[in-house]
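A.B. asks: This is my_file-v4.cif, which holds mmCIF, C-alpha atoms (C1' of nucleotides):
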data_run
#
loop_
_atom_site.label_atom_id
_atom_site.label_comp_id
_atom_site.auth_asym_id
_atom_site.auth_seq_id
_atom_site.Cartn_x
_atom_site.Cartn_y
_atom_site.Cartn_z
CA MET A 1 -23.82 37.30 -2.03
CA PRO A 2 -21.64 39.55 0.15
CA ARG A 3 -17.99 39.33 -0.75
CA LEU A 4 -16.99 39.98 2.84
CA SER A 5 -18.99 37.32 4.61
CA ASN A 6 -16.56 35.46 6.82
CA THR A 7 -18.30 32.13 6.36
CA LYS A 8 -15.06 30.32 5.65
CA GLU A 9 -13.54 31.44 8.94
CA LYS A 10 -16.72 30.61 10.80
CA ILE A 11 -16.64 27.10 9.35
CA VAL A 12 -13.06 26.55 10.50
CA ASP A 13 -13.83 27.94 13.96
CA ARG A 14 -16.89 25.77 14.40
CA ALA A 15 -15.07 22.71 13.05
CA ARG A 16 -12.22 23.29 15.47
CA ASP A 17 -14.60 23.49 18.39
CA LEU A 18 -16.39 20.33 17.33
CA LEU A 19 -13.08 18.56 16.76
CA GLN A 20 -11.85 19.45 20.23
CA HIS A 21 -15.01 18.07 21.79
CA ARG A 22 -15.89 15.06 19.65
CA GLY A 23 -12.83 14.11 17.60
CA PHE A 24 -12.46 14.25 13.84
CA GLY A 25 -14.85 11.43 13.12
CA GLY A 26 -17.30 12.71 15.69
CA PHE A 27 -18.73 15.60 13.74
CA SER A 28 -20.18 16.03 10.28
CA TYR A 29 -20.64 18.84 7.78
CA ARG A 30 -24.25 18.82 8.88
CA ASP A 31 -23.32 19.72 12.45
CA ILE A 32 -21.44 22.72 11.19
CA SER A 33 -23.99 23.83 8.63
CA THR A 34 -26.98 23.69 10.98
CA ASP A 35 -25.04 25.60 13.65
CA LEU A 36 -24.08 28.32 11.18
CA GLY A 37 -27.46 28.39 9.45
CA ILE A 38 -26.00 27.52 6.06
CA LYS A 39 -26.34 24.54 3.77
CA ASN A 40 -24.15 21.50 3.73
CA ALA A 41 -22.85 22.21 0.24
CA ALA A 42 -21.66 25.65 1.30
CA ILE A 43 -18.96 23.93 3.31
CA HIS A 44 -18.02 21.77 0.35
CA TYR A 45 -17.65 24.98 -1.65
CA HIS A 46 -14.95 26.21 0.71
CA PHE A 47 -13.54 22.80 1.67
CA PRO A 48 -14.19 20.18 -1.04
CA THR A 49 -13.41 17.29 1.30
CA LYS A 50 -13.47 16.92 5.05
CA GLU A 51 -9.71 16.37 4.99
CA ASP A 52 -9.29 19.77 3.37
CA LEU A 53 -11.18 21.24 6.29
CA GLY A 54 -9.17 19.23 8.78
CA LEU A 55 -5.93 20.35 7.21
CA ALA A 56 -6.93 24.01 7.14
CA LEU A 57 -7.92 23.75 10.77
CA ILE A 58 -4.67 22.24 12.00
CA GLU A 59 -2.67 24.56 9.77
CA GLN A 60 -4.40 27.54 11.37
CA TYR A 61 -3.74 26.10 14.81
CA ILE A 62 -0.05 25.78 13.96
CA ASP A 63 0.07 29.40 12.82
CA ASP A 64 -1.66 30.60 16.00
CA THR A 65 0.72 28.62 18.17
CA ARG A 66 3.77 29.76 16.25
CA ALA A 67 2.63 33.37 16.64
CA GLU A 68 2.17 32.99 20.38
CA ILE A 69 5.59 31.44 20.82
CA ALA A 70 7.16 34.22 18.77
CA ALA A 71 5.31 36.81 20.86
CA ALA A 72 6.49 35.31 24.14
CA ARG A 73 10.07 35.24 22.88
CA GLY A 74 9.83 38.69 21.36
CA ARG A 75 8.86 40.21 24.67
CA ALA A 76 11.69 38.22 26.25
CA MET A 77 9.22 36.65 28.64
CA PRO A 78 10.94 34.92 31.59
CA VAL A 79 11.10 31.16 31.19
CA ARG A 80 8.98 30.44 34.25
CA GLN A 81 6.30 32.72 32.93
CA GLN A 82 6.46 31.05 29.50
CA LEU A 83 5.99 27.66 31.11
CA ASP A 84 3.20 28.96 33.25
CA THR A 85 1.41 30.38 30.23
CA TYR A 86 1.63 26.94 28.66
CA PHE A 87 0.17 25.25 31.74
CA LYS A 88 -2.51 27.88 32.28
CA ARG A 89 -3.62 27.67 28.68
CA ALA A 90 -4.27 23.93 29.01
CA GLU A 91 -5.92 24.38 32.40
CA CYS A 92 -8.34 26.98 31.05
CA GLU A 93 -9.19 25.11 27.87
CA VAL A 94 -10.09 22.12 30.01
CA GLU A 95 -11.96 23.74 32.90
CA GLY A 96 -15.71 23.52 32.51
CA VAL A 97 -15.66 22.75 28.80
CA TRP A 98 -13.40 19.68 28.89
CA SER A 99 -11.99 20.16 25.41
CA LEU A 100 -8.91 18.49 23.94
CA CYS A 101 -6.28 20.22 21.86
CA PRO A 102 -6.76 19.70 18.12
CA MET A 103 -3.68 17.50 17.93
CA GLY A 104 -4.79 15.38 20.87
CA ALA A 105 -8.20 15.03 19.28
CA MET A 106 -6.79 13.87 15.95
CA ALA A 107 -3.86 11.73 17.08
CA PRO A 108 -5.86 8.69 18.23
CA SER A 109 -7.28 8.16 14.75
CA CYS A 110 -4.34 9.54 12.76
CA GLU A 111 -3.97 6.24 10.88
CA SER A 112 -7.13 6.95 8.96
CA LEU A 113 -6.19 10.54 8.21
CA SER A 114 -4.47 11.79 5.07
CA GLU A 115 -0.70 12.12 4.83
CA PRO A 116 -0.77 15.95 4.77
CA ILE A 117 -2.78 16.04 7.99
CA GLN A 118 -0.46 13.55 9.67
CA ARG A 119 2.54 15.60 8.66
CA ALA A 120 0.89 18.78 9.94
CA LEU A 121 0.19 17.13 13.28
CA VAL A 122 3.81 16.06 13.58
CA ARG A 123 4.87 19.58 12.68
CA PHE A 124 2.68 20.91 15.47
CA SER A 125 4.19 18.56 18.01
CA ASP A 126 7.67 19.47 16.76
CA LEU A 127 6.84 23.11 17.30
CA VAL A 128 5.72 22.66 20.90
CA LEU A 129 8.50 20.21 21.73
CA GLU A 130 11.20 22.49 20.36
CA TRP A 131 9.89 25.52 22.20
CA LEU A 132 9.47 23.61 25.47
CA GLY A 133 12.87 21.94 25.17
CA GLU A 134 14.63 25.24 24.62
CA ALA A 135 12.71 26.93 27.43
CA LEU A 136 13.67 24.15 29.83
CA GLU A 137 17.30 24.23 28.80
CA GLN A 138 17.47 27.99 29.17
CA GLY A 139 15.65 27.84 32.51
CA ARG A 140 18.10 25.34 33.95
CA ARG A 141 21.09 27.23 32.59
CA GLU A 142 19.85 30.46 34.13
CA GLY A 143 19.06 28.73 37.40
CA GLY A 144 15.30 29.26 37.54
CA LEU A 145 14.41 25.65 36.80
CA ALA A 146 15.65 22.35 38.17
CA PHE A 147 15.27 18.92 36.56
CA GLU A 148 17.23 15.78 35.72
CA GLY A 149 18.32 14.54 32.31
CA ASP A 150 18.05 15.81 28.78
CA PRO A 151 15.81 18.87 28.23
CA LYS A 152 14.32 17.16 25.18
CA SER A 153 13.26 14.16 27.23
CA LYS A 154 11.88 16.45 29.92
CA ALA A 155 9.95 18.38 27.28
CA LEU A 156 8.50 15.15 25.94
CA GLN A 157 7.53 14.11 29.45
CA ILE A 158 5.81 17.39 30.30
CA SER A 159 4.07 17.68 26.97
CA SER A 160 2.87 14.07 27.11
CA ALA A 161 1.59 14.57 30.63
CA ILE A 162 -0.43 17.65 29.72
CA GLN A 163 -1.79 15.87 26.67
CA GLY A 164 -2.80 12.85 28.74
CA ALA A 165 -4.15 15.01 31.54
CA ARG A 166 -6.51 16.74 29.12
CA GLN A 167 -7.98 13.37 28.21
CA LEU A 168 -8.30 12.32 31.81
CA SER A 169 -9.89 15.66 32.67
CA LYS A 170 -12.50 15.17 30.01
CA LEU A 171 -13.23 11.65 31.13
CA ARG A 172 -13.38 12.39 34.83
CA GLN A 173 -14.97 15.84 34.53
CA HIS A 174 -12.32 17.17 36.85
CA ASN A 175 -9.38 19.47 36.16
CA VAL A 176 -6.59 16.90 36.21
CA VAL A 177 -4.46 19.28 34.14
CA ALA A 178 -4.29 21.76 37.03
CA GLN A 179 -3.18 19.05 39.42
CA VAL A 180 -0.55 17.67 37.04
CA ALA A 181 0.72 21.18 36.26
CA ASP A 182 1.03 21.90 39.98
CA GLN A 183 3.02 18.72 40.44
CA PHE A 184 5.43 19.88 37.73
CA ARG A 185 5.59 23.38 39.19
CA GLY A 186 6.54 21.94 42.58
CA GLU A 187 9.29 19.87 41.00
CA LEU A 188 10.67 22.45 38.56
CA TYR A 189 10.50 25.74 40.43
CA ARG A 190 13.05 25.86 43.17
CA MET B 1 -23.71 -24.99 15.19
CA PRO B 2 -20.91 -25.92 17.59
CA ARG B 3 -21.71 -25.02 21.14
CA LEU B 4 -18.05 -24.37 21.88
CA SER B 5 -17.19 -21.94 19.13
CA ASN B 6 -15.52 -18.99 20.79
CA THR B 7 -16.93 -16.47 18.35
CA LYS B 8 -18.00 -14.15 21.12
CA GLU B 9 -14.48 -13.94 22.52
CA LYS B 10 -13.03 -13.51 19.05
CA ILE B 11 -15.38 -10.59 18.43
CA VAL B 12 -14.31 -8.85 21.63
CA ASP B 13 -10.63 -9.48 20.88
CA ARG B 14 -10.91 -8.15 17.35
CA ALA B 15 -12.96 -5.16 18.51
CA ARG B 16 -10.39 -4.34 21.15
CA ASP B 17 -7.61 -4.43 18.60
CA LEU B 18 -9.55 -2.21 16.21
CA LEU B 19 -10.45 0.16 19.04
CA GLN B 20 -6.83 0.52 20.09
CA HIS B 21 -5.82 1.38 16.54
CA ARG B 22 -8.73 3.40 15.18
CA GLY B 23 -10.83 4.59 18.10
CA PHE B 24 -14.41 3.58 18.88
CA GLY B 25 -15.96 5.40 15.96
CA GLY B 26 -13.22 4.22 13.65
CA PHE B 27 -14.37 0.67 13.17
CA SER B 28 -17.63 -0.98 12.24
CA TYR B 29 -19.29 -4.34 12.74
CA ARG B 30 -18.37 -4.99 9.13
CA ASP B 31 -14.65 -4.67 9.86
CA ILE B 32 -14.98 -7.31 12.55
CA SER B 33 -17.25 -9.66 10.61
CA THR B 34 -15.13 -9.71 7.45
CA ASP B 35 -11.98 -10.28 9.49
CA LEU B 36 -13.55 -13.19 11.35
CA GLY B 37 -15.31 -14.59 8.29
CA ILE B 38 -18.76 -14.27 9.83
CA LYS B 39 -21.81 -12.16 9.03
CA ASN B 40 -22.60 -8.77 10.42
CA ALA B 41 -25.71 -10.00 12.22
CA ALA B 42 -23.69 -12.61 14.09
CA ILE B 43 -22.12 -9.79 16.06
CA HIS B 44 -25.53 -8.27 16.75
CA TYR B 45 -26.56 -11.68 18.09
CA HIS B 46 -23.84 -11.53 20.76
CA PHE B 47 -23.83 -7.75 21.20
CA PRO B 48 -27.16 -6.17 20.22
CA THR B 49 -25.67 -2.68 20.03
CA LYS B 50 -22.17 -1.41 19.48
CA GLU B 51 -22.23 0.08 22.95
CA ASP B 52 -22.88 -3.39 24.38
CA LEU B 53 -19.73 -4.51 22.61
CA GLY B 54 -17.80 -1.48 23.80
CA LEU B 55 -18.91 -2.05 27.37
CA ALA B 56 -18.02 -5.74 27.29
CA LEU B 57 -14.64 -4.83 25.90
CA ILE B 58 -13.73 -2.28 28.54
CA GLU B 59 -15.20 -4.47 31.27
CA GLN B 60 -12.92 -7.31 30.17
CA TYR B 61 -9.99 -4.92 30.11
CA ILE B 62 -10.77 -3.87 33.67
CA ASP B 63 -10.89 -7.49 34.79
CA ASP B 64 -7.55 -8.26 33.11
CA THR B 65 -5.93 -5.24 34.69
CA ARG B 66 -7.35 -5.99 38.12
CA ALA B 67 -6.07 -9.56 37.88
CA GLU B 68 -2.58 -8.37 36.97
CA ILE B 69 -2.47 -5.92 39.83
CA ALA B 70 -3.63 -8.61 42.24
CA ALA B 71 -0.98 -10.98 40.90
CA ALA B 72 1.81 -8.44 41.33
CA ARG B 73 0.69 -7.74 44.88
CA GLY B 74 0.13 -11.41 45.65
CA ARG B 75 3.70 -12.24 44.77
CA ALA B 76 4.78 -9.26 46.87
CA MET B 77 6.59 -7.86 43.85
CA PRO B 78 9.00 -5.04 44.77
CA VAL B 79 7.62 -1.60 44.03
CA ARG B 80 10.30 -0.72 41.50
CA GLN B 81 9.56 -3.89 39.61
CA GLN B 82 5.81 -3.15 39.71
CA LEU B 83 6.44 0.28 38.26
CA ASP B 84 8.75 -1.14 35.65
CA THR B 85 6.17 -3.68 34.60
CA TYR B 86 3.73 -0.82 34.10
CA PHE B 87 6.20 1.13 31.96
CA LYS B 88 7.35 -1.90 29.99
CA ARG B 89 3.79 -2.88 29.22
CA ALA B 90 3.07 0.48 27.62
CA GLU B 91 6.40 0.49 25.81
CA CYS B 92 5.74 -2.92 24.26
CA GLU B 93 2.13 -2.19 23.31
CA VAL B 94 3.36 0.87 21.46
CA GLU B 95 6.53 -0.41 19.78
CA GLY B 96 5.96 -1.31 16.16
CA VAL B 97 2.17 -1.49 16.40
CA TRP B 98 1.50 1.99 17.79
CA SER B 99 -1.68 1.07 19.63
CA LEU B 100 -3.42 3.09 22.32
CA CYS B 101 -4.87 1.67 25.49
CA PRO B 102 -8.64 1.08 25.30
CA MET B 103 -9.31 3.89 27.74
CA GLY B 104 -7.09 6.31 25.84
CA ALA B 105 -8.82 5.35 22.64
CA MET B 106 -12.29 5.95 24.06
CA ALA B 107 -11.68 9.01 26.24
CA PRO B 108 -11.47 11.60 23.42
CA SER B 109 -15.01 10.82 22.30
CA CYS B 110 -16.45 9.84 25.67
CA GLU B 111 -19.13 12.54 25.41
CA SER B 112 -20.90 10.55 22.75
CA LEU B 113 -20.62 7.26 24.62
CA SER B 114 -23.24 5.74 26.91
CA GLU B 115 -23.25 6.39 30.63
CA PRO B 116 -22.29 2.79 31.51
CA ILE B 117 -19.23 2.99 29.27
CA GLN B 118 -18.20 6.34 30.71
CA ARG B 119 -18.52 4.96 34.22
CA ALA B 120 -16.49 1.89 33.27
CA LEU B 121 -13.74 4.09 31.85
CA VAL B 122 -13.63 6.12 35.05
CA ARG B 123 -13.50 2.89 37.04
CA PHE B 124 -10.54 1.78 34.96
CA SER B 125 -8.67 5.01 35.57
CA ASP B 126 -9.51 4.77 39.29
CA LEU B 127 -8.03 1.30 39.35
CA VAL B 128 -4.73 2.32 37.77
CA LEU B 129 -4.50 5.54 39.77
CA GLU B 130 -5.12 3.78 43.07
CA TRP B 131 -2.57 1.09 42.37
CA LEU B 132 0.03 3.57 41.16
CA GLY B 133 -0.60 5.95 44.05
CA GLU B 134 -0.17 3.22 46.63
CA ALA B 135 2.92 1.83 44.91
CA LEU B 136 4.52 5.27 44.91
CA GLU B 137 3.66 5.90 48.54
CA GLN B 138 5.04 2.54 49.59
CA GLY B 139 8.16 3.03 47.48
CA ARG B 140 8.94 6.38 49.06
CA ARG B 141 8.25 5.06 52.56
CA GLU B 142 10.56 2.12 52.00
CA GLY B 143 13.21 4.35 50.45
CA GLY B 144 13.37 2.88 46.97
CA LEU B 145 11.67 5.83 45.29
CA ALA B 146 12.14 9.58 45.50
CA PHE B 147 9.65 12.25 44.43
CA GLU B 148 8.07 15.49 45.62
CA GLY B 149 4.50 16.08 46.72
CA ASP B 150 1.40 13.94 47.15
CA PRO B 151 1.65 10.36 45.83
CA LYS B 152 -1.81 10.80 44.28
CA SER B 153 -0.67 13.81 42.28
CA LYS B 154 2.48 12.01 41.25
CA ALA B 155 0.40 9.01 40.14
CA LEU B 156 -1.80 11.31 38.08
CA GLN B 157 1.27 12.89 36.52
CA ILE B 158 2.90 9.59 35.59
CA SER B 159 -0.30 8.02 34.33
CA SER B 160 -1.15 11.10 32.27
CA ALA B 161 2.33 11.18 30.79
CA ILE B 162 2.22 7.54 29.71
CA GLN B 163 -1.23 8.09 28.26
CA GLY B 164 -0.10 11.12 26.33
CA ALA B 165 3.13 9.46 25.28
CA ARG B 166 1.18 6.62 23.68
CA GLN B 167 -0.64 9.15 21.53
CA LEU B 168 2.54 10.93 20.57
CA SER B 169 4.20 7.61 19.79
CA LYS B 170 1.42 6.70 17.44
CA LEU B 171 1.53 10.05 15.73
CA ARG B 172 5.30 10.23 15.39
CA GLN B 173 5.88 6.52 14.75
CA HIS B 174 8.55 6.57 17.41
CA ASN B 175 8.59 5.06 20.88
CA VAL B 176 8.05 8.20 22.92
CA VAL B 177 6.77 6.04 25.78
CA ALA B 178 10.21 4.50 26.27
CA GLN B 179 11.82 7.92 26.41
CA VAL B 180 9.25 9.30 28.85
CA ALA B 181 9.48 6.19 31.03
CA ASP B 182 13.27 6.52 31.12
CA GLN B 183 12.92 10.13 32.19
CA PHE B 184 10.70 9.02 35.08
CA ARG B 185 13.06 6.18 35.98
CA GLY B 186 15.96 8.62 36.16
CA GLU B 187 13.99 10.87 38.47
CA LEU B 188 12.38 8.24 40.70
CA TYR B 189 15.07 5.61 41.14
CA ARG B 190 17.83 6.85 43.35
"C1'" DG C 1 -26.83 47.76 -17.90
"C1'" DA C 2 -24.67 43.39 -19.63
"C1'" DG C 3 -21.40 40.25 -18.11
"C1'" DT C 4 -18.53 37.92 -14.92
"C1'" DA C 5 -17.27 35.61 -10.83
"C1'" DA C 6 -17.64 34.54 -5.90
"C1'" DA C 7 -20.60 32.59 -2.71
"C1'" DC C 8 -23.77 30.25 -2.12
"C1'" DT C 9 -28.63 26.78 -2.43
"C1'" DT C 10 -31.29 22.95 -4.37
"C1'" DA C 11 -31.54 18.55 -5.30
"C1'" DC C 12 -29.41 14.73 -5.89
"C1'" DT C 13 -26.13 10.20 -5.64
"C1'" DT C 14 -23.57 6.65 -3.45
"C1'" DA C 15 -21.81 4.26 0.32
"C1'" DC C 16 -22.00 2.53 4.52
"C1'" DA C 17 -23.36 2.65 9.26
"C1'" DG C 18 -26.13 0.33 12.99
"C1'" DG C 19 -29.91 -2.41 13.60
"C1'" DT C 20 -33.88 -6.01 12.90
"C1'" DA C 21 -36.92 -9.93 11.64
"C1'" DA C 22 -37.30 -14.20 9.95
"C1'" DG C 23 -35.33 -18.29 8.50
"C1'" DT C 24 -31.48 -22.13 8.85
"C1'" DT C 25 -28.30 -25.44 10.88
"C1'" DA C 26 -25.98 -28.12 14.07
"C1'" DG C 27 -25.56 -30.29 18.30
"C1'" DA C 28 -27.24 -31.59 22.93
"C1'" DT C 29 -31.35 -33.56 25.41
"C1'" DG C 30 -35.42 -36.15 26.66
"C1'" DC D 1 -35.79 -40.24 16.73
"C1'" DA D 2 -38.13 -35.87 17.57
"C1'" DT D 3 -37.38 -31.65 19.49
"C1'" DC D 4 -35.45 -27.71 21.44
"C1'" DT D 5 -32.18 -24.13 21.54
"C1'" DA D 6 -27.78 -21.68 20.73
"C1'" DA D 7 -25.54 -19.79 17.12
"C1'" DC D 8 -25.76 -18.27 13.45
"C1'" DT D 9 -27.20 -16.44 7.95
"C1'" DT D 10 -30.23 -14.04 4.64
"C1'" DA D 11 -32.43 -10.27 3.47
"C1'" DC D 12 -33.90 -6.35 4.61
"C1'" DC D 13 -34.77 -1.17 6.70
"C1'" DT D 14 -33.51 3.43 8.04
"C1'" DG D 15 -30.52 7.10 8.88
"C1'" DT D 16 -26.73 9.66 7.87
"C1'" DA D 17 -22.29 10.51 5.96
"C1'" DA D 18 -19.45 12.62 2.27
"C1'" DG D 19 -19.62 14.38 -2.01
"C1'" DT D 20 -21.45 16.49 -6.66
"C1'" DA D 21 -23.77 18.93 -10.47
"C1'" DA D 22 -26.49 22.43 -11.76
"C1'" DG D 23 -28.88 26.41 -10.81
"C1'" DT D 24 -29.36 31.08 -8.19
"C1'" DT D 25 -28.17 35.34 -6.02
"C1'" DT D 26 -25.27 39.20 -5.12
"C1'" DA D 27 -21.86 42.53 -5.94
"C1'" DC D 28 -18.49 44.37 -8.62
"C1'" DT D 29 -16.62 45.76 -13.32
"C1'" DC D 30 -16.36 47.43 -17.89
#
Show me the file's structure as structure tokens.
C.D. replies:
Amino acid sequence: MPRLSNTKEKIVDRARDLLQHRGFGGFSYRDISTDLGIKNAAIHYHFPTKEDLGLALIEQYIDDTRAEIAAARGRAMPVRQQLDTYFKRAECEVEGVWSLCPMGAMAPSCESLSEPIQRALVRFSDLVLEWLGEALEQGRREGGLAFEGDPKSKALQISSAIQGARQLSKLRQHNVVAQVADQFRGELYR
Amino acid sequence: MPRLSNTKEKIVDRARDLLQHRGFGGFSYRDISTDLGIKNAAIHYHFPTKEDLGLALIEQYIDDTRAEIAAARGRAMPVRQQLDTYFKRAECEVEGVWSLCPMGAMAPSCESLSEPIQRALVRFSDLVLEWLGEALEQGRREGGLAFEGDPKSKALQISSAIQGARQLSKLRQHNVVAQVADQFRGELYR
DNA sequence: GAGTAAACTTACTTACAGGTAAGTTAGATG
DNA sequence: CATCTAACTTACCTGTAAGTAAGTTTACTC
């Protein structure tokens, strides 16, 4: 067997897609294996249990997100543009395909997930919340953004709204995220 | 067998509780039957398929919500108080028990749900959105509330945020809803 | 070119899900 | 009192899920 087959990555990618559309309990190893043209046990070879797969998936998502945040900061991207990238990302991931973010897909059933996964999900939300909070604080300090109250509370509000809007978008087959983001833009940018 | 046993209601109640904690795919007829001390087939007697149960559940939830809205309007409750009842409700349903609302619990996996359930979920969101939109419009007209933009967009934003905050609360075992609601209160009430 | 190890497949087990058909019981009704 | 029916229970079926053990192939190494 080829040493450089990227089966493992393909499995994670497919799993992530399925997760974002059907939730963690909504897909099986079979779904993945038939899609990739491999056998069920091949997945178990790379990820002994489904929780191993779930953990790898969310861990990868954290890394991707961390990298993007670092990139935005590295290029000293203006705060408004950072915020807009955040909004646009959610808008695009929703439009037409109506997918949730991996955290949003796992959170509803997090009780029945393993401790490591739960901790990883919290870490992801920490990551986004910290970035968003700092961006908001900086934006207000510099004068580009206007809002009331604590930046951390505002970050929580915005992040929650986008999260909820993704769900509503999926349910209603309509880009609620875009509408909610526009509402925030109208309130923040002045 | 007693004609007045309320088994059917108990099943719906238990199912609703399980749904709000584990999602629709996260519980089985067995969970309900063991909890209620009845047999699996007893549930099938009242609800032939799980989707029948799910539909009954969300339908009941719609009726409850509609009744509450009608009551608030009937007593000509002030808009601020209406809004506060909405926030408080979510805060209490989250605190300590970390439960989602039935719609929020079903939405992530709505693709795999039957058409009637999907339509019922949309109807529920319509109901809340319409009430909230009208309350916001009235509040701004009367001077008790302040916000930018279209009341419908603002309703979508608030409703999304509460929805998302419930998920985050569950994940983080912390009442994010209260914090998000306070942020909105600070912005709206002036 | 024999051996080793990664990357699988084959063939299976176990558990549990939703669902059904046929029988049982208890209470209301004629 | 016999009967009818709602409200179940018993006993099953089928599908599918996660997971495993043992064998196979491929490529690299000594």
A.B. asks: Please identify every residue of chain A that has at least one atom no more than 12 Å from any atom of chain D, counting all atoms listed in the file, and report them as a list in words.
C.D. replies: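 The answer, sorted by residue number, is Met1, Pro2, Arg3, Leu4, Ser5, Gly25, Gly26, Phe27, Ser28, Tyr29, Arg30, Asp31, Asn40, Ala41, Ala42, Ile43, His44, Tyr45, Phe47, Pro48, Thr49, Lys50 and Glu51 of chain A.
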A.B. asks: Starting from chain A, keep only residues with some atom at most 8 Å from an atom of chain B, counting all atoms listed in the file, and report them as a VMD selection string.
C.D. replies: chain A and resid 21 to 23 25 to 26 100 104 to 105 107 to 112 118 121 to 122 148 to 149 153 to 154 156 to 165 167 to 168 170 to 172 176 179 to 180 183 186 to 187
A.B. asks: Measuring atom to atom with only C-alpha atoms, identify which of A:Leu83, A:Ala90, A:Ala70, A:Leu18 is nearest to Leu57 in chain A.
C.D. replies: A:Leu18
A.B. asks: Please determine, counting all atoms listed in the file, which residue among A:Glu93, A:Val79, A:Phe124, A:Cys101 has the shortest atom-to-atom distance to Arg140 in chain A.
C.D. replies: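 Going through A:Glu93, A:Val79, A:Phe124, A:Cys101 one by one, the smallest distance to Arg140 in chain A is for A:Val79.
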A.B. asks: Please build the interface table for chain C against chain B with a cut-off of 9 Å, listing for each qualifying residue the nearest atom pair and the distance in Å to one decimal; count only C-alpha atoms (C1' of nucleotides), order rows by chain and increasing number, and write it as JSON lines.
C.D. replies:
{"residue": "C:DA17", "atom": "C1'", "partner": "B:Ser28", "partner_atom": "CA", "distance": 7.4}
{"residue": "C:DG18", "atom": "C1'", "partner": "B:Thr49", "partner_atom": "CA", "distance": 7.7}
{"residue": "C:DG19", "atom": "C1'", "partner": "B:Thr49", "partner_atom": "CA", "distance": 7.7}
{"residue": "C:DT25", "atom": "C1'", "partner": "B:Met1", "partner_atom": "CA", "distance": 6.3}
{"residue": "C:DA26", "atom": "C1'", "partner": "B:Met1", "partner_atom": "CA", "distance": 4.0}
{"residue": "C:DG27", "atom": "C1'", "partner": "B:Met1", "partner_atom": "CA", "distance": 6.4}
{"residue": "C:DA28", "atom": "C1'", "partner": "B:Arg3", "partner_atom": "CA", "distance": 8.8}
A.B. asks: Which value, in Å to one decimal, gives the distance between CA of Gly54 in chain A and CA of Lys8 in chain A?
C.D. replies: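 So the two atoms, CA of Gly54 in chain A and CA of Lys8 in chain A, lie 12.9 Å apart.
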A.B. asks: Do you have the CA of His46 in chain A-C1' of DA2 in chain C distance handy?
C.D. replies: 28.3 Å
A.B. asks: Record the distance separating CA of Ser33 in chain A and C1' of DA6 in chain C, expressed in Å with one decimal.
C.D. replies: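 Distance between the two atoms: 19.1 Å.
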A.B. asks: Could you put an axis-aligned box around every listed atom of range 42-54 of chain A, padded by 8 Å on each side, and send me its centre and edge lengths in Å to one decimal, as lines of an AutoDock Vina configuration file?
C.D. replies:
center_x = -15.4
center_y = 21.3
center_z = 3.6
size_x = 28.5
size_y = 25.8
size_z = 26.4
A.B. asks: Taking into account all atoms listed in the file, which residue in the set B:Leu136, B:Ala146, B:Leu188, B:Ile117 is nearest to Ile62 in chain B?
C.D. replies: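 The answer is B:Ile117, which sits nearest to Ile62 in chain B.
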A.B. asks: B:Ala56, B:Ala178, B:Met77, B:Ile11: which is nearest Pro102 in chain B, counting all atoms listed in the file?
C.D. replies: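 When distances to Pro102 in chain B are compared using all atoms listed in the file, the smallest one comes from B:Ala56.
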A.B. asks: Using all atoms listed in the file, determine which residues lie at most 12 Å from Gln138 in chain A, disregarding the query and same-chain residues fewer than 3 positions distant; provide the list as number ranges by chain.
C.D. replies: A: 77-80, 82-83, 131-135, 141-147, 151-152
A.B. asks: Could you rebuild range 50-58 of chain B with N, CA and C atoms and give me the result as an mmCIF file, in the coordinates of the input?
C.D. replies:
data_model
loop_
_atom_site.group_PDB
_atom_site.id
_atom_site.type_symbol
_atom_site.label_atom_id
_atom_site.label_comp_id
_atom_site.auth_asym_id
_atom_site.auth_seq_id
_atom_site.Cartn_x
_atom_site.Cartn_y
_atom_site.Cartn_z
ATOM 1 N N LYS B 50 -23.625 -1.598 19.445
ATOM 2 C CA LYS B 50 -22.170 -1.410 19.480
ATOM 3 C C LYS B 50 -21.708 -1.000 20.879
ATOM 4 N N GLU B 51 -22.577 -0.330 21.599
ATOM 5 C CA GLU B 51 -22.230 0.080 22.950
ATOM 6 C C GLU B 51 -22.155 -1.129 23.879
ATOM 7 N N ASP B 52 -22.968 -2.143 23.610
ATOM 8 C CA ASP B 52 -22.880 -3.390 24.380
ATOM 9 C C ASP B 52 -21.490 -3.988 24.194
ATOM 10 N N LEU B 53 -21.058 -3.987 22.936
ATOM 11 C CA LEU B 53 -19.730 -4.510 22.610
ATOM 12 C C LEU B 53 -18.641 -3.681 23.289
ATOM 13 N N GLY B 54 -18.779 -2.373 23.192
ATOM 14 C CA GLY B 54 -17.800 -1.480 23.800
ATOM 15 C C GLY B 54 -17.716 -1.676 25.302
ATOM 16 N N LEU B 55 -18.867 -1.855 25.914
ATOM 17 C CA LEU B 55 -18.910 -2.050 27.370
ATOM 18 C C LEU B 55 -18.258 -3.374 27.752
ATOM 19 N N ALA B 56 -18.598 -4.421 27.024
ATOM 20 C CA ALA B 56 -18.020 -5.740 27.290
ATOM 21 C C ALA B 56 -16.498 -5.682 27.198
ATOM 22 N N LEU B 57 -16.059 -4.995 26.192
ATOM 23 C CA LEU B 57 -14.640 -4.830 25.900
ATOM 24 C C LEU B 57 -13.893 -4.148 27.044
ATOM 25 N N ILE B 58 -14.405 -3.021 27.475
ATOM 26 C CA ILE B 58 -13.730 -2.280 28.540
ATOM 27 C C ILE B 58 -13.850 -3.011 29.874
#
